[in-house]
Amino acid sequence: MRELAAEAKANEKVFKAKVRTTLRSSYSSYYRQMLSRLLNTLGFRCNNTAYRPAMDALALLDRYADVDGKTRFYDAGDVVAMDGVVRKDWREAVVDDKGRVERIPYERAVCAGGAAGAIRRREIYVEGTRRWGDPEDDLPGDFESARAVHYAAIRQPEDPREFITRLRRRMTDGLDRLSAAPTDGSAGGVKVTIGKGEPWITVPKLEPLDEPTVLAALKEGVVRRWGVLDLQDVLKNAHFLTSFTDEFVSVAAYERIDRATLQRRLLLALFALGTNMGIRAIVATGEHGETEATLRHVLRHFITVDNLRAAVTRLVNDTFAARDAAWWG
């Protein structure tokens with residue numbers, strides 16, 4: 001067991017080193033070329049001296065921005081901030097066995113960790129921006145003079161200790177209810193058991209709900225007016241008339257699928273969802289030439305809640321617009 005534990009630790013260390021090497025190669029080959037331009041363009045500011053390490057790190061990067069890229073290490077006299085800037089698992093990649101700080105991994109650690117985290121937490125801000133701007137600008141202009149009024153508006157106490165006490169009380173009460181629920185029968189059938197030697201949460205299977213009355217009436221109305229329709233034909237005709245599939249944009253940064261192929265895959269995936277057949281059944285029964293992998297890719301990257309809402313909105317608006325045009329002739 002000791003040998004297995006040692007092997008696991010060694011493999012984990014090798015894996016982390018490989019990840020660091022890959023990230024460093026990507027950063028040094030592409031993103032580092034833009035670092036000096038970003039530092040010269042963006043103005044980083046900080047209103048709290050407690051958050052100075054990230055600012056000191058950015059100042060160091062700015063000072064070395066125009067230095068020859070072949071200069072591997074920082075000068076021995078430079079003060080290089082580590083705490084709150086470089087993650088512990090990156091320290092051995094940043095500092096060599098002689099105690100020297102290497103520039104490329106330090107820049108990577110600052111940009112992806114220290115500075116980025118400080119900006120997200122609003123510890124430092126980017127001058128002139130709205131989302132990442134000065135947090136003091138988020139406060140009303142008369143906050144100091146009318147503090148009691150603003151605290152009353154958001155229903156919070158002015159004393160931070162009272163706020164923390166309330167928050168701690170709510171969290172404790174919630175955890176107590178969670179702990180007692182499996183034993184007092186108020187968990188709705190949820191149980192905590194042991195599975196494979198580990199705590200395991202089991203959730204009971206939900207019973208199917210009754211079909212909504214409105215949905216049943218809608219189905220009857222469709223059958224009475226148009227008879228039995230093939231959903232796939234409905235989707236195709238709706239696309240030809242409204243081009244609603246144009247609303248399905250990818251969540252990825254880049255997408256290289258041509259529009260005609262994408263539209264066919266979208267209609268197949270929507271048909272699989274609408275009929276509850278599933279992607280695998282569509283692939284097995286169809287003669288469309290699409291694979292399960294391609295349809296699942298479209299399902300993951302294009303069919304989102306926002307895209308569905310946009311497509312339905314476009315379909316409804318275009319349908320009513322066509323009806324009104326036909327009505328008014």
# chains A, B, ... in the order shown; residues from 1 in each chain; ligands from 1
>>> residues_around(residues="Arg87 of chain A", least_positions_apart="5", cutoff="9 Å", atoms="only C-alpha atoms", output="JSON, numbers by chain")
{"A": [82, 109, 113, 114]}
>>> residues_around(residues="Leu308 of chain A", least_positions_apart="6", cutoff="12 Å", atoms="only C-alpha atoms", output="number ranges by chain")
A: 244-249, 266, 270, 273, 299, 302, 314-315
>>> write_last_selection(atoms="N, CA and C atoms", output="tab-separated table (two decimals), in the first residue's frame")
chain	number	residue	atom	x	y	z
A	244	PHE	N	-35.79	29.91	-38.20
A	244	PHE	CA	-35.59	30.02	-36.76
A	244	PHE	C	-34.31	29.34	-36.28
A	245	THR	N	-33.75	28.44	-37.09
A	245	THR	CA	-32.52	27.78	-36.68
A	245	THR	C	-31.33	28.74	-36.66
A	246	ASP	N	-31.47	29.92	-37.29
A	246	ASP	CA	-30.38	30.90	-37.24
A	246	ASP	C	-30.14	31.42	-35.83
A	247	GLU	N	-31.13	31.25	-34.95
A	247	GLU	CA	-31.00	31.72	-33.57
A	247	GLU	C	-30.12	30.80	-32.73
A	248	PHE	N	-29.81	29.61	-33.23
A	248	PHE	CA	-28.99	28.68	-32.47
A	248	PHE	C	-27.51	28.94	-32.78
A	249	VAL	N	-26.88	29.69	-31.91
A	249	VAL	CA	-25.46	30.02	-32.05
A	249	VAL	C	-24.66	29.18	-31.06
A	266	LEU	N	-29.37	20.37	-36.47
A	266	LEU	CA	-30.24	21.01	-35.49
A	266	LEU	C	-31.66	20.45	-35.57
A	270	LEU	N	-33.45	18.56	-32.54
A	270	LEU	CA	-34.71	19.07	-32.01
A	270	LEU	C	-35.82	18.03	-32.13
A	273	LEU	N	-35.40	15.58	-29.34
A	273	LEU	CA	-35.87	16.13	-28.06
A	273	LEU	C	-37.39	16.23	-28.04
A	299	LEU	N	-26.08	19.22	-29.86
A	299	LEU	CA	-26.93	19.31	-28.68
A	299	LEU	C	-26.23	20.04	-27.54
A	302	PHE	N	-25.09	24.01	-29.16
A	302	PHE	CA	-26.01	24.94	-29.82
A	302	PHE	C	-27.39	25.02	-29.16
A	314	ARG	N	-38.68	34.13	-32.29
A	314	ARG	CA	-38.64	34.45	-33.72
A	314	ARG	C	-39.74	33.71	-34.47
A	315	LEU	N	-39.96	32.46	-34.14
A	315	LEU	CA	-41.00	31.67	-34.80
A	315	LEU	C	-42.38	32.27	-34.58
>>> residues_around(residues="Leu241 of chain A", least_positions_apart="2", cutoff="10 Å", atoms="only C-alpha atoms", output="ChimeraX atom specification")
/A:235-239,243-244,315,318-319,322
>>> select_by_dssp(residues="segment 103-139 of chain A", states="alpha helix (DSSP H)", output="PyMOL selection string")
chain A and resi 103-109+115-120
>>> residues_around(residues="Gly69 of chain A", least_positions_apart="5", cutoff="10 Å", atoms="only C-alpha atoms", output="list in words")
Ser28, Arg32, Gln33, Tyr64, Arg103 and Ile104 of chain A
>>> atom_distance(atom1="atom CA of Val305 of chain A", atom2="atom CA of Val251 of chain A")
11.5 Å
>>> atom_distance(atom1="atom CA of Val86 of chain A", atom2="atom CA of Gly133 of chain A")
23.6 Å
>>> atom_distance(atom1="atom CA of Arg265 of chain A", atom2="atom CA of Leu295 of chain A")
6.0 Å
>>> closest_residue(among="A:Met171, A:Ala253, A:Val80, A:Ala181", to="Pro53 of chain A", atoms="only C-alpha atoms")
A:Val80
>>> residues_around(residues="Val190 of chain A", least_positions_apart="3", cutoff="9 Å", atoms="only C-alpha atoms", output="ChimeraX atom specification")
/A:181-182,185-187,201-204
>>> closest_residue(among="A:Ala93, A:Met1, A:Leu231, A:Val110", to="Ala81 of chain A", atoms="only C-alpha atoms")
A:Val110
>>> select_by_dssp(residues="segment 144-217 of chain A", states="strand (DSSP E)", output="PyMOL selection string")
chain A and resi 191-195+198-202
>>> residues_around(residues="Leu39 of chain A", least_positions_apart="6", cutoff="12 Å", atoms="only C-alpha atoms", output="ChimeraX atom specification")
/A:32-33,55,57-66,107,111,115,126
>>> residues_around(residues="Glu136 of chain A", least_positions_apart="4", cutoff="10 Å", atoms="only C-alpha atoms", output="MDAnalysis selection string")
chainID A and resid 47 140:141
